[in-house]
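Here's the structure, in structure tokens; my notes come after.
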Amino acid sequence: QLCVKVWIATMEDDFLEALVASERIAEWVEAVKGSARATTSAPSGGNFLPVRSALRDFVRSVEESVVYAEEAVLANAGEEIEEALAGCEDGEILDLRRRLSSLLGSHGVKVAEGEVREYELRDQSKTKVKLYEVALTHGVGAKVWRAAEILCEEIALPDWSGLLQGKTVLELGAGCGLCGLYAAHGGAKRVVLTDFEDSLLDNLSKSGEINAGAGIELRGYESPGEGGPW
């Protein structure tokens with residue numbers, strides 16, 4: 001129980017860090033762009049100190065935190081800084097730009113494509129489900145939370161063993177889709193995974209592809225005026 005609480009707390013911390021990272025990165029980018037404009041227009045070449053300070057904080061945060069790196073990639077922060085500092089010849093700023101570009105580049109593919117993870121559930125068959133996870137900046141549905149694993153394990157108990165056989169299963173707010181994918185592996189004849197974020201639906205689509213043949217459908221939420229029942 002203690003391990004579960006620690007794991008959930010870590011996920012919550014990561015999500016809160018992503019929210020803070022979004023704000024801080026926007027501030028750093030704006031500081032660089034504003035200072036760069038002022039420096040370019042100043043007769044003496046201006047003051048590079050604000051740019052250096054913002055870039056140092058930015059680089060340090062990306063080096064220390066994957067969450068900051070993922071948020072920066074999604075926000076296209078690196079491209080904005082490159083554009084703002086085009087033509088700048090200050091040695092330290094050039095070095096910081098190169099370091100930041102290298103760091104963000106190494107995270108770019110993972111952020112764009114997501115990461116395949118395999119979950120082995122503690123049922124009698126030790127069912128393995130593969131799915132994609134993406135950066136938490138896409139929302140809480142970007143990662144699998146422990147609650148989803150617990151639900152799958154509860155459904156696998158002997159008292160519920162026939163619950164899924166031949167049934168149609170609708171998972172509302174599927175996120176990464178672990179529960180729905182488990183239902184497909186557990187004998188459901190049809191599984192419909194739903195969510196409302198386009199990025200999460202794209203992620204679910206890729207998860208469905210690597211679980212081909214499991215009878216999985218994807219649906220986005222529809223408002224009452226859009227022809228859907230929900």
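Chain lettering (A, B, ...) mirrors the order of the structure tokens, residue numbering begins at 1 for each chain separately, and ligand numbering begins at 1 in order of display.
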Close residues, segment 12-24 of chain A itself excluded, 9 Å, only C-alpha atoms, min 2 positions apart in chain, as a list of chain:residue names: A:Trp7, A:Ile8, A:Ala9, A:Thr10, A:Ala26, A:Glu27, A:Trp28, A:Val29, A:Phe58, A:Ser61, A:Val67, A:Tyr68, A:Glu70, A:Glu71, A:Ala72, A:Ala75, A:Leu136, A:Thr137, A:Gly139, A:Val140
Generate a file of the selected residues that holds all heavy atoms, formatted as a compact mmCIF listing (two decimals), in the first residue's frame.
```txt
# COMPACT_ATOMS: atom_id res chain seq x y z
N TRP A 7 3.96 5.81 -5.59
CA TRP A 7 3.89 5.84 -7.04
C TRP A 7 2.89 6.87 -7.52
O TRP A 7 3.15 7.64 -8.43
CB TRP A 7 3.53 4.45 -7.55
CG TRP A 7 3.65 4.28 -9.03
CD1 TRP A 7 4.75 3.92 -9.74
CD2 TRP A 7 2.61 4.47 -9.99
NE1 TRP A 7 4.47 3.87 -11.08
CE2 TRP A 7 3.17 4.20 -11.27
CE3 TRP A 7 1.27 4.84 -9.91
CZ2 TRP A 7 2.43 4.29 -12.43
CZ3 TRP A 7 0.53 4.93 -11.08
CH2 TRP A 7 1.12 4.65 -12.32
N ILE A 8 1.70 6.90 -6.90
CA ILE A 8 0.67 7.86 -7.28
C ILE A 8 1.14 9.28 -6.99
O ILE A 8 0.95 10.19 -7.79
CB ILE A 8 -0.65 7.56 -6.55
CG1 ILE A 8 -1.25 6.26 -7.07
CG2 ILE A 8 -1.65 8.70 -6.75
CD1 ILE A 8 -2.49 5.80 -6.32
N ALA A 9 1.78 9.47 -5.84
CA ALA A 9 2.29 10.79 -5.50
C ALA A 9 3.31 11.26 -6.52
O ALA A 9 3.36 12.43 -6.90
CB ALA A 9 2.91 10.77 -4.10
N THR A 10 4.16 10.34 -7.01
CA THR A 10 5.14 10.68 -8.02
C THR A 10 4.48 11.13 -9.31
O THR A 10 4.88 12.12 -9.93
CB THR A 10 6.06 9.47 -8.31
OG1 THR A 10 6.71 9.09 -7.09
CG2 THR A 10 7.10 9.82 -9.36
N ALA A 26 7.54 29.60 -20.74
CA ALA A 26 6.97 30.76 -21.43
C ALA A 26 7.64 32.05 -20.95
O ALA A 26 7.93 32.95 -21.75
CB ALA A 26 5.47 30.83 -21.19
N GLU A 27 7.92 32.13 -19.65
CA GLU A 27 8.58 33.31 -19.10
C GLU A 27 10.01 33.44 -19.62
O GLU A 27 10.47 34.53 -19.97
CB GLU A 27 8.59 33.24 -17.57
CG GLU A 27 7.21 33.40 -16.95
CD GLU A 27 7.21 33.12 -15.46
OE1 GLU A 27 8.31 32.82 -14.90
OE2 GLU A 27 6.14 33.20 -14.83
N TRP A 28 10.74 32.31 -19.67
CA TRP A 28 12.12 32.35 -20.17
C TRP A 28 12.18 32.75 -21.63
O TRP A 28 13.01 33.55 -22.04
CB TRP A 28 12.80 30.99 -19.97
CG TRP A 28 13.06 30.64 -18.55
CD1 TRP A 28 13.35 31.50 -17.53
CD2 TRP A 28 13.04 29.33 -17.97
NE1 TRP A 28 13.52 30.81 -16.35
CE2 TRP A 28 13.34 29.48 -16.59
CE3 TRP A 28 12.81 28.05 -18.47
CZ2 TRP A 28 13.41 28.40 -15.73
CZ3 TRP A 28 12.88 26.97 -17.60
CH2 TRP A 28 13.18 27.14 -16.25
N VAL A 29 11.28 32.18 -22.43
CA VAL A 29 11.26 32.51 -23.86
C VAL A 29 10.96 33.99 -24.05
O VAL A 29 11.61 34.67 -24.86
CB VAL A 29 10.23 31.64 -24.60
CG1 VAL A 29 10.02 32.14 -26.02
CG2 VAL A 29 10.67 30.19 -24.62
N PHE A 58 17.02 27.89 -18.06
CA PHE A 58 16.35 27.01 -19.00
C PHE A 58 17.16 25.72 -19.19
O PHE A 58 16.64 24.60 -19.04
CB PHE A 58 16.16 27.73 -20.32
CG PHE A 58 15.10 27.14 -21.22
CD1 PHE A 58 14.64 27.87 -22.32
CD2 PHE A 58 14.58 25.87 -21.01
CE1 PHE A 58 13.68 27.34 -23.17
CE2 PHE A 58 13.61 25.33 -21.84
CZ PHE A 58 13.17 26.08 -22.93
N SER A 61 17.28 23.48 -16.05
CA SER A 61 16.01 22.79 -15.79
C SER A 61 15.80 21.63 -16.75
O SER A 61 15.33 20.56 -16.35
CB SER A 61 14.84 23.78 -15.91
OG SER A 61 14.93 24.78 -14.90
N VAL A 67 10.49 16.28 -17.59
CA VAL A 67 9.22 16.99 -17.74
C VAL A 67 9.45 18.35 -18.40
O VAL A 67 8.71 18.75 -19.30
CB VAL A 67 8.54 17.15 -16.38
CG1 VAL A 67 7.30 18.05 -16.50
CG2 VAL A 67 8.14 15.79 -15.81
N TYR A 68 10.49 19.07 -17.97
CA TYR A 68 10.80 20.36 -18.59
C TYR A 68 11.20 20.19 -20.05
O TYR A 68 10.81 20.99 -20.91
CB TYR A 68 11.92 21.05 -17.81
CG TYR A 68 11.44 21.91 -16.67
CD1 TYR A 68 11.09 21.35 -15.46
CD2 TYR A 68 11.32 23.29 -16.81
CE1 TYR A 68 10.64 22.11 -14.41
CE2 TYR A 68 10.87 24.09 -15.76
CZ TYR A 68 10.52 23.49 -14.55
OH TYR A 68 10.07 24.27 -13.52
N GLU A 70 10.27 17.77 -22.13
CA GLU A 70 9.09 17.43 -22.92
C GLU A 70 8.21 18.66 -23.15
O GLU A 70 7.71 18.87 -24.26
CB GLU A 70 8.30 16.34 -22.21
CG GLU A 70 9.01 15.00 -22.18
CD GLU A 70 8.27 13.96 -21.36
OE1 GLU A 70 7.42 14.32 -20.52
OE2 GLU A 70 8.55 12.76 -21.56
N GLU A 71 8.02 19.45 -22.13
CA GLU A 71 7.19 20.64 -22.27
C GLU A 71 7.83 21.63 -23.24
O GLU A 71 7.13 22.24 -24.06
CB GLU A 71 6.98 21.31 -20.91
CG GLU A 71 6.18 22.60 -20.95
CD GLU A 71 4.80 22.42 -21.54
OE1 GLU A 71 4.20 21.33 -21.37
OE2 GLU A 71 4.30 23.36 -22.19
N ALA A 72 9.14 21.78 -23.18
CA ALA A 72 9.83 22.71 -24.08
C ALA A 72 9.70 22.27 -25.53
O ALA A 72 9.51 23.10 -26.43
CB ALA A 72 11.30 22.82 -23.69
N ALA A 75 6.19 22.97 -26.76
CA ALA A 75 5.94 24.41 -26.90
C ALA A 75 6.77 25.04 -28.01
O ALA A 75 6.66 26.25 -28.24
CB ALA A 75 6.24 25.10 -25.57
N LEU A 136 3.28 13.95 -20.17
CA LEU A 136 2.18 14.37 -19.31
C LEU A 136 1.62 15.73 -19.68
O LEU A 136 0.52 16.09 -19.26
CB LEU A 136 2.64 14.40 -17.85
CG LEU A 136 2.44 13.11 -17.05
CD1 LEU A 136 3.10 13.23 -15.69
CD2 LEU A 136 0.96 12.81 -16.88
N THR A 137 2.37 16.50 -20.45
CA THR A 137 1.86 17.79 -20.88
C THR A 137 0.64 17.66 -21.80
O THR A 137 -0.07 18.62 -22.04
CB THR A 137 2.96 18.59 -21.61
OG1 THR A 137 3.65 17.71 -22.50
CG2 THR A 137 3.95 19.15 -20.63
N GLY A 139 -1.83 15.93 -20.86
CA GLY A 139 -2.94 15.76 -19.91
C GLY A 139 -2.76 14.50 -19.08
O GLY A 139 -1.86 13.69 -19.32
N VAL A 140 -3.64 14.32 -18.09
CA VAL A 140 -3.50 13.19 -17.17
C VAL A 140 -3.70 11.86 -17.88
O VAL A 140 -3.26 10.81 -17.39
CB VAL A 140 -4.50 13.30 -15.99
CG1 VAL A 140 -4.15 14.47 -15.11
CG2 VAL A 140 -5.94 13.43 -16.50
```
Members of segment 123-168 of chain A assigned helix (DSSP H, G or I) by DSSP, as a PyMOL selection string: chain A and resi 136-138+140-142+146-155+158-160
Excluding segment 157-160 of chain A and any residue of its chain fewer than 6 positions from it, enumerate the residues within 10 Å of it, using only C-alpha atoms, and give them as a PDB file with N, CA, C and O atoms, in the first residue's frame.
```
ATOM      1  N   ARG A 122      -1.289  -8.698 -12.769  1.00  0.00           N
ATOM      2  CA  ARG A 122      -1.201  -9.791 -11.796  1.00  0.00           C
ATOM      3  C   ARG A 122      -2.472 -10.632 -11.773  1.00  0.00           C
ATOM      4  O   ARG A 122      -3.076 -10.870 -10.734  1.00  0.00           O
ATOM      5  N   ASP A 123      -2.890 -11.092 -12.981  1.00  0.00           N
ATOM      6  CA  ASP A 123      -4.002 -12.033 -13.050  1.00  0.00           C
ATOM      7  C   ASP A 123      -3.422 -13.438 -13.210  1.00  0.00           C
ATOM      8  O   ASP A 123      -2.204 -13.624 -13.283  1.00  0.00           O
ATOM      9  N   GLN A 124      -4.284 -14.443 -13.284  1.00  0.00           N
ATOM     10  CA  GLN A 124      -3.799 -15.818 -13.358  1.00  0.00           C
ATOM     11  C   GLN A 124      -2.969 -16.067 -14.615  1.00  0.00           C
ATOM     12  O   GLN A 124      -2.008 -16.842 -14.595  1.00  0.00           O
TER      13      GLN A 124
END
```
Contacts of Ala69 of chain A within 8 Å, only C-alpha atoms, excl. fewer than 4 positions in-chain, as a ChimeraX atom specification: /A:61-63,65,73,103-104,107
Could you write those residues out with N, CA, C and O atoms, as a PDB file, in the first residue's frame?
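Printed below is part-v1.pdb as written:
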```
ATOM      1  N   SER A  61      17.276  23.481 -16.052  1.00  0.00           N
ATOM      2  CA  SER A  61      16.011  22.791 -15.789  1.00  0.00           C
ATOM      3  C   SER A  61      15.803  21.626 -16.745  1.00  0.00           C
ATOM      4  O   SER A  61      15.329  20.558 -16.346  1.00  0.00           O
ATOM      5  N   VAL A  62      16.162  21.815 -18.027  1.00  0.00           N
ATOM      6  CA  VAL A  62      16.013  20.736 -19.005  1.00  0.00           C
ATOM      7  C   VAL A  62      16.985  19.599 -18.711  1.00  0.00           C
ATOM      8  O   VAL A  62      16.654  18.422 -18.878  1.00  0.00           O
ATOM      9  N   GLU A  63      18.193  19.941 -18.250  1.00  0.00           N
ATOM     10  CA  GLU A  63      19.170  18.919 -17.892  1.00  0.00           C
ATOM     11  C   GLU A  63      18.699  18.077 -16.702  1.00  0.00           C
ATOM     12  O   GLU A  63      18.943  16.870 -16.642  1.00  0.00           O
ATOM     13  N   SER A  65      15.414  17.740 -15.565  1.00  0.00           N
ATOM     14  CA  SER A  65      14.033  17.252 -15.563  1.00  0.00           C
ATOM     15  C   SER A  65      13.545  16.890 -16.962  1.00  0.00           C
ATOM     16  O   SER A  65      13.530  17.742 -17.857  1.00  0.00           O
ATOM     17  N   VAL A  73       9.787  20.967 -25.772  1.00  0.00           N
ATOM     18  CA  VAL A  73       9.643  20.450 -27.135  1.00  0.00           C
ATOM     19  C   VAL A  73       8.234  20.717 -27.652  1.00  0.00           C
ATOM     20  O   VAL A  73       8.035  21.190 -28.782  1.00  0.00           O
ATOM     21  N   LEU A 103      19.943  19.254 -26.175  1.00  0.00           N
ATOM     22  CA  LEU A 103      19.098  18.609 -25.166  1.00  0.00           C
ATOM     23  C   LEU A 103      17.686  18.392 -25.682  1.00  0.00           C
ATOM     24  O   LEU A 103      17.111  17.313 -25.533  1.00  0.00           O
ATOM     25  N   LEU A 104      17.113  19.413 -26.305  1.00  0.00           N
ATOM     26  CA  LEU A 104      15.739  19.298 -26.800  1.00  0.00           C
ATOM     27  C   LEU A 104      15.660  18.344 -27.983  1.00  0.00           C
ATOM     28  O   LEU A 104      14.675  17.619 -28.140  1.00  0.00           O
ATOM     29  N   HIS A 107      15.232  14.731 -26.994  1.00  0.00           N
ATOM     30  CA  HIS A 107      13.911  14.375 -26.467  1.00  0.00           C
ATOM     31  C   HIS A 107      12.815  14.480 -27.521  1.00  0.00           C
ATOM     32  O   HIS A 107      11.704  14.005 -27.306  1.00  0.00           O
TER      33      HIS A 107
END
```
Extract, using only C-alpha atoms, all DNA, RNA and protein residues at most 7 Å from segment 52-56 of chain A, discarding same-chain residues fewer than 6 positions from it, and format them as a count of residues only. 5
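Residue nearest Ser205 of chain A, chosen from A:Glu89, A:Glu153, A:Glu133, A:Glu82 and counting only C-alpha atoms: A:Glu133.
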What separation in Å, quoted to one decimal, exists between atom CA of Glu149 of chain A and atom CA of Lys167 of chain A?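 Atom CA of Glu149 of chain A sits 20.3 Å away from atom CA of Lys167 of chain A.
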